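Okay, target.pdb now, which holds PDB, C-alpha atoms, pLDDT in the B column:
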```
ATOM      1  CA  MET I1082     107.693  85.404  86.375  1.00 63.00           C
ATOM      2  CA  THR I1083     110.053  84.295  89.114  1.00 65.00           C
ATOM      3  CA  VAL I1084     110.532  85.793  92.563  1.00 64.00           C
ATOM      4  CA  HIS I1085     113.987  86.953  91.482  1.00 68.00           C
ATOM      5  CA  HIS I1086     112.477  88.819  88.548  1.00 79.00           C
ATOM      6  CA  PHE I1087     110.050  90.613  90.883  1.00 74.00           C
ATOM      7  CA  GLU I1088     112.904  91.501  93.226  1.00 81.00           C
ATOM      8  CA  ASP I1089     115.039  92.818  90.377  1.00 85.00           C
ATOM      9  CA  LEU I1090     112.157  94.854  89.001  1.00 83.00           C
ATOM     10  CA  LEU I1091     111.326  96.359  92.399  1.00 84.00           C
ATOM     11  CA  ARG I1092     115.001  97.082  93.053  1.00 88.00           C
ATOM     12  CA  GLU I1093     115.131  98.934  89.731  1.00 89.00           C
ATOM     13  CA  LEU I1094     111.873 100.853  90.190  1.00 88.00           C
ATOM     14  CA  ALA I1095     112.120 101.908  93.857  1.00 92.00           C
ATOM     15  CA  PRO I1096     114.808 104.597  93.430  1.00 94.00           C
ATOM     16  CA  GLN I1097     113.059 105.982  90.344  1.00 93.00           C
ATOM     17  CA  VAL I1098     109.731 106.223  92.145  1.00 92.00           C
ATOM     18  CA  LEU I1099     111.343 107.775  95.226  1.00 95.00           C
ATOM     19  CA  ALA I1100     113.132 110.391  93.109  1.00 96.00           C
ATOM     20  CA  THR I1101     109.914 111.276  91.312  1.00 94.00           C
ATOM     21  CA  LEU I1102     107.968 111.650  94.558  1.00 94.00           C
ATOM     22  CA  VAL I1103     110.669 113.738  96.231  1.00 96.00           C
ATOM     23  CA  HIS I1104     110.903 115.953  93.149  1.00 96.00           C
ATOM     24  CA  ARG I1105     107.136 116.518  93.191  1.00 95.00           C
ATOM     25  CA  HIS I1106     106.532 116.744  96.946  1.00 93.00           C
ATOM     26  CA  GLY I1107     109.890 117.557  98.525  1.00 93.00           C
ATOM     27  CA  GLN I1108     109.391 115.638 101.771  1.00 95.00           C
ATOM     28  CA  PHE I1109     111.948 112.852 101.608  1.00 96.00           C
ATOM     29  CA  ASP I1110     110.831 111.010 104.763  1.00 96.00           C
ATOM     30  CA  ALA I1111     107.166 110.907 103.757  1.00 97.00           C
ATOM     31  CA  CYS I1112     108.047 109.893 100.200  1.00 96.00           C
ATOM     32  CA  GLU I1113     110.353 107.147 101.418  1.00 95.00           C
ATOM     33  CA  ASP I1114     107.573 105.787 103.647  1.00 96.00           C
ATOM     34  CA  ALA I1115     105.157 105.823 100.710  1.00 95.00           C
ATOM     35  CA  VAL I1116     107.615 103.919  98.515  1.00 94.00           C
ATOM     36  CA  GLN I1117     108.182 101.321 101.226  1.00 93.00           C
ATOM     37  CA  GLU I1118     104.431 100.788 101.558  1.00 94.00           C
ATOM     38  CA  ALA I1119     104.069 100.506  97.780  1.00 90.00           C
ATOM     39  CA  LEU I1120     106.901  97.956  97.640  1.00 88.00           C
ATOM     40  CA  ALA I1121     105.240  95.866 100.342  1.00 88.00           C
ATOM     41  CA  ASP I1122     101.955  95.970  98.420  1.00 90.00           C
ATOM     42  CA  ALA I1123     103.692  95.017  95.166  1.00 86.00           C
ATOM     43  CA  VAL I1124     105.423  92.054  96.799  1.00 84.00           C
ATOM     44  CA  ARG I1125     102.039  90.749  97.932  1.00 87.00           C
ATOM     45  CA  GLN I1126      99.996  91.583  94.827  1.00 87.00           C
ATOM     46  CA  TRP I1127     102.240  91.172  91.780  1.00 84.00           C
ATOM     47  CA  PRO I1128     102.857  87.430  92.189  1.00 84.00           C
ATOM     48  CA  VAL I1129      99.092  86.879  92.398  1.00 88.00           C
ATOM     49  CA  ASP I1130      97.699  89.526  90.036  1.00 89.00           C
ATOM     50  CA  GLY I1131     100.664  89.978  87.691  1.00 85.00           C
ATOM     51  CA  VAL I1132     102.852  92.998  87.112  1.00 82.00           C
ATOM     52  CA  PRO I1133     100.831  96.021  85.970  1.00 84.00           C
ATOM     53  CA  ASP I1134     101.610  97.575  82.580  1.00 83.00           C
ATOM     54  CA  ASN I1135     102.157 101.010  84.165  1.00 74.00           C
ATOM     55  CA  ARG I1136     104.381 100.282  87.126  1.00 62.00           C
ATOM     56  CA  GLY I1137     106.935 103.069  87.263  1.00 61.00           C
ATOM     57  CA  PRO I1138     107.232 106.821  87.761  1.00 62.00           C
ATOM     58  CA  GLY I1139     105.162 109.140  85.682  1.00 55.00           C
ATOM     59  CA  VAL I1140     102.080 106.959  85.857  1.00 46.00           C
TER
END
```

Encoded form using structure tokens:
Amino acid sequence: MTVHHFEDLLRELAPQVLATLVHRHGQFDACEDAVQEALADAVRQWPVDGVPDNRGPGV
């Protein structure tokens, strides 16, 4: 999987994850921070460990 594929996947998933968190918890700022931290972790881990099967909202 290329870096561009990871970027495209994260770009696709981030808004979905943010919407799910805000819907469940209601605190946009805290949810946005959590998504940013998760994106940073994914950028570091996915190229090494691979993309997880369950990687989107509703997991």

Residues within 12 Å of Gln1117 in chain I, all atoms listed in the file, excluding chain neighbours under 2 positions, as JSON, numbers by chain: {"I": [1091, 1092, 1094, 1095, 1096, 1098, 1099, 1110, 1111, 1112, 1113, 1114, 1115, 1119, 1120, 1121, 1122, 1123, 1124]}

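CA of His1106 in chain I sits 29.4 Å away from CA of Asp1130 in chain I.
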
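When CA of Leu1102 in chain I is paired with CA of Pro1133 in chain I, their separation reads 19.2 Å.
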
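In this structure, CA of Ala1100 in chain I sits 22.1 Å away from CA of His1086 in chain I.
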
To box range 1110-1124 of chain I, take all atoms listed in the file, fit an axis-aligned box, add 6 Å on each side, and give centre and edge lengths in Å to one decimal, as lines of an AutoDock Vina configuration file.
```
center_x = 106.4
center_y = 101.5
center_z = 100.0
size_x = 20.9
size_y = 31.0
size_z = 21.6
```

Which of I:Phe1109, I:Glu1093, I:Val1103, I:Glu1088 sits closest to Trp1127 in chain I [using all atoms listed in the file]: I:Glu1088
